[in-house]
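The structure appears below as structure tokens.
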Amino acid sequence: MIAALSVAGFPGSQFHFEGFLPPRGLRRRERLSALAPRPEILVFYEAPTRLGQLIRDLGHILGPGRQALLARELTKLHETVQRASLGVLAQRWEGSTEPVRGEI
């Protein structure tokens, strides 16, 4: 998590670590709505199989223009980092045919 915050380049020095959100549905959206007004950087963990839905939910609730960082397998051989707006990340995710693996 600290590695992701280091490479993110987001302004601010405070963050809120939420961990894993409820896996789906109303509870997940309610939790995201409760977190939306927080000024700190928000940090989530997510399972690869639920990543697409998380990105869509984040875009709907936090707004498609909100900047986000998607970090996978940090400090490992197949490390990837994508920084973009939630809207752009959602478009990339929808167009991807590559399976997502690893820690996100």
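We label chains A, B, ... in the order they appear in the structure tokens, count residues from 1 in each chain, and number ligands from 1 in the order shown.
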Closest atom pairs, segment 8-48 of chain A residues within 12 Å of segment 87-101 of chain A, only C-alpha atoms, as a Markdown table:
| residue | atom | partner | partner_atom | distance |
| --- | --- | --- | --- | --- |
| A:Glu46 | CA | A:Arg101 | CA | 11.1 |
| A:Ala47 | CA | A:Arg101 | CA | 8.7 |
| A:Pro48 | CA | A:Val100 | CA | 5.5 |
Could you give me the residues within chain A that DSSP places in helix (DSSP H, G or I), as a compact mmCIF listing (two decimals) with N, CA and C atoms, in the first residue's frame?
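Heads up, here's the output in states.txt:
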# COMPACT_ATOMS: atom_id res chain seq x y z
N ILE A 2 1.90 1.29 0.80
CA ILE A 2 2.77 2.47 0.85
C ILE A 2 3.48 2.67 -0.49
N ALA A 3 3.85 1.58 -1.15
CA ALA A 3 4.47 1.70 -2.48
C ALA A 3 3.51 2.36 -3.46
N ALA A 4 2.24 1.99 -3.43
CA ALA A 4 1.24 2.59 -4.32
C ALA A 4 1.07 4.07 -4.03
N LEU A 5 1.01 4.43 -2.76
CA LEU A 5 0.89 5.85 -2.40
C LEU A 5 2.11 6.63 -2.85
N SER A 6 3.27 6.01 -2.78
CA SER A 6 4.51 6.69 -3.18
C SER A 6 4.54 7.01 -4.67
N VAL A 7 4.08 6.08 -5.50
CA VAL A 7 4.13 6.30 -6.95
C VAL A 7 2.92 7.07 -7.47
N ALA A 8 1.87 7.20 -6.66
CA ALA A 8 0.63 7.83 -7.12
C ALA A 8 0.83 9.30 -7.49
N GLY A 25 -23.38 -4.92 -4.57
CA GLY A 25 -24.72 -4.45 -4.29
C GLY A 25 -24.83 -3.20 -3.45
N LEU A 26 -25.97 -3.11 -2.79
CA LEU A 26 -26.35 -1.92 -2.05
C LEU A 26 -25.37 -1.59 -0.94
N ARG A 27 -24.90 -2.58 -0.19
CA ARG A 27 -23.95 -2.30 0.91
C ARG A 27 -22.68 -1.65 0.38
N ARG A 28 -22.21 -2.12 -0.75
CA ARG A 28 -20.99 -1.57 -1.36
C ARG A 28 -21.21 -0.11 -1.77
N ARG A 29 -22.32 0.15 -2.46
CA ARG A 29 -22.61 1.51 -2.92
C ARG A 29 -22.86 2.46 -1.75
N GLU A 30 -23.52 1.97 -0.70
CA GLU A 30 -23.73 2.81 0.49
C GLU A 30 -22.40 3.16 1.15
N ARG A 31 -21.49 2.21 1.23
CA ARG A 31 -20.19 2.48 1.84
C ARG A 31 -19.41 3.49 1.01
N LEU A 32 -19.43 3.33 -0.31
CA LEU A 32 -18.75 4.29 -1.19
C LEU A 32 -19.36 5.68 -1.06
N SER A 33 -20.67 5.76 -0.96
CA SER A 33 -21.33 7.06 -0.79
C SER A 33 -20.92 7.72 0.52
N ALA A 34 -20.75 6.92 1.57
CA ALA A 34 -20.31 7.46 2.85
C ALA A 34 -18.86 7.96 2.78
N LEU A 35 -18.04 7.32 1.96
CA LEU A 35 -16.63 7.71 1.83
C LEU A 35 -16.42 8.88 0.87
N PRO A 48 -9.35 -9.56 -8.08
CA PRO A 48 -9.32 -9.39 -9.54
C PRO A 48 -10.67 -9.61 -10.21
N THR A 49 -11.46 -10.55 -9.71
CA THR A 49 -12.75 -10.86 -10.33
C THR A 49 -13.79 -9.76 -10.13
N ARG A 50 -13.57 -8.87 -9.16
CA ARG A 50 -14.53 -7.79 -8.89
C ARG A 50 -14.01 -6.42 -9.29
N LEU A 51 -12.85 -6.36 -9.90
CA LEU A 51 -12.22 -5.07 -10.20
C LEU A 51 -13.07 -4.21 -11.15
N GLY A 52 -13.61 -4.80 -12.19
CA GLY A 52 -14.41 -4.04 -13.15
C GLY A 52 -15.61 -3.38 -12.49
N GLN A 53 -16.30 -4.12 -11.64
CA GLN A 53 -17.46 -3.56 -10.95
C GLN A 53 -17.05 -2.47 -9.98
N LEU A 54 -15.92 -2.64 -9.31
CA LEU A 54 -15.45 -1.58 -8.41
C LEU A 54 -15.18 -0.29 -9.18
N ILE A 55 -14.51 -0.39 -10.31
CA ILE A 55 -14.20 0.80 -11.10
C ILE A 55 -15.49 1.48 -11.55
N ARG A 56 -16.47 0.71 -12.00
CA ARG A 56 -17.76 1.29 -12.40
C ARG A 56 -18.46 1.97 -11.22
N ASP A 57 -18.50 1.29 -10.07
CA ASP A 57 -19.14 1.87 -8.89
C ASP A 57 -18.44 3.15 -8.45
N LEU A 58 -17.11 3.13 -8.44
CA LEU A 58 -16.36 4.32 -8.06
C LEU A 58 -16.67 5.48 -9.00
N GLY A 59 -16.72 5.21 -10.30
CA GLY A 59 -17.03 6.25 -11.27
C GLY A 59 -18.41 6.84 -11.09
N HIS A 60 -19.40 5.99 -10.80
CA HIS A 60 -20.77 6.48 -10.60
C HIS A 60 -20.89 7.30 -9.33
N ILE A 61 -20.23 6.88 -8.27
CA ILE A 61 -20.42 7.52 -6.97
C ILE A 61 -19.44 8.67 -6.73
N LEU A 62 -18.18 8.48 -7.07
CA LEU A 62 -17.18 9.53 -6.84
C LEU A 62 -17.06 10.48 -8.02
N LEU A 86 -11.33 8.05 -13.26
CA LEU A 86 -12.15 6.83 -13.15
C LEU A 86 -12.88 6.54 -14.45
N GLY A 87 -13.28 7.58 -15.18
CA GLY A 87 -13.93 7.38 -16.47
C GLY A 87 -13.02 6.71 -17.48
N VAL A 88 -11.77 7.15 -17.55
CA VAL A 88 -10.80 6.55 -18.47
C VAL A 88 -10.48 5.12 -18.04
N LEU A 89 -10.30 4.89 -16.75
CA LEU A 89 -10.02 3.53 -16.27
C LEU A 89 -11.19 2.60 -16.60
N ALA A 90 -12.42 3.09 -16.47
CA ALA A 90 -13.59 2.28 -16.80
C ALA A 90 -13.59 1.91 -18.29
N GLN A 91 -13.24 2.87 -19.15
CA GLN A 91 -13.17 2.58 -20.59
C GLN A 91 -12.09 1.55 -20.89
N ARG A 92 -10.93 1.70 -20.27
CA ARG A 92 -9.85 0.72 -20.47
C ARG A 92 -10.29 -0.66 -20.01
N TRP A 93 -10.97 -0.71 -18.87
CA TRP A 93 -11.39 -1.99 -18.33
C TRP A 93 -12.41 -2.65 -19.25
N GLU A 94 -13.38 -1.87 -19.75
CA GLU A 94 -14.42 -2.42 -20.62
C GLU A 94 -13.82 -2.97 -21.91
N GLY A 95 -12.77 -2.35 -22.41
CA GLY A 95 -12.16 -2.78 -23.66
C GLY A 95 -11.11 -3.86 -23.52
Quiz item: Interatomic distance between atom CA of Pro64 of chain A and atom CA of Met1 of chain A?
Solution: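 Atom CA of Met1 of chain A lies at a distance of 23.1 Å from atom CA of Pro64 of chain A.
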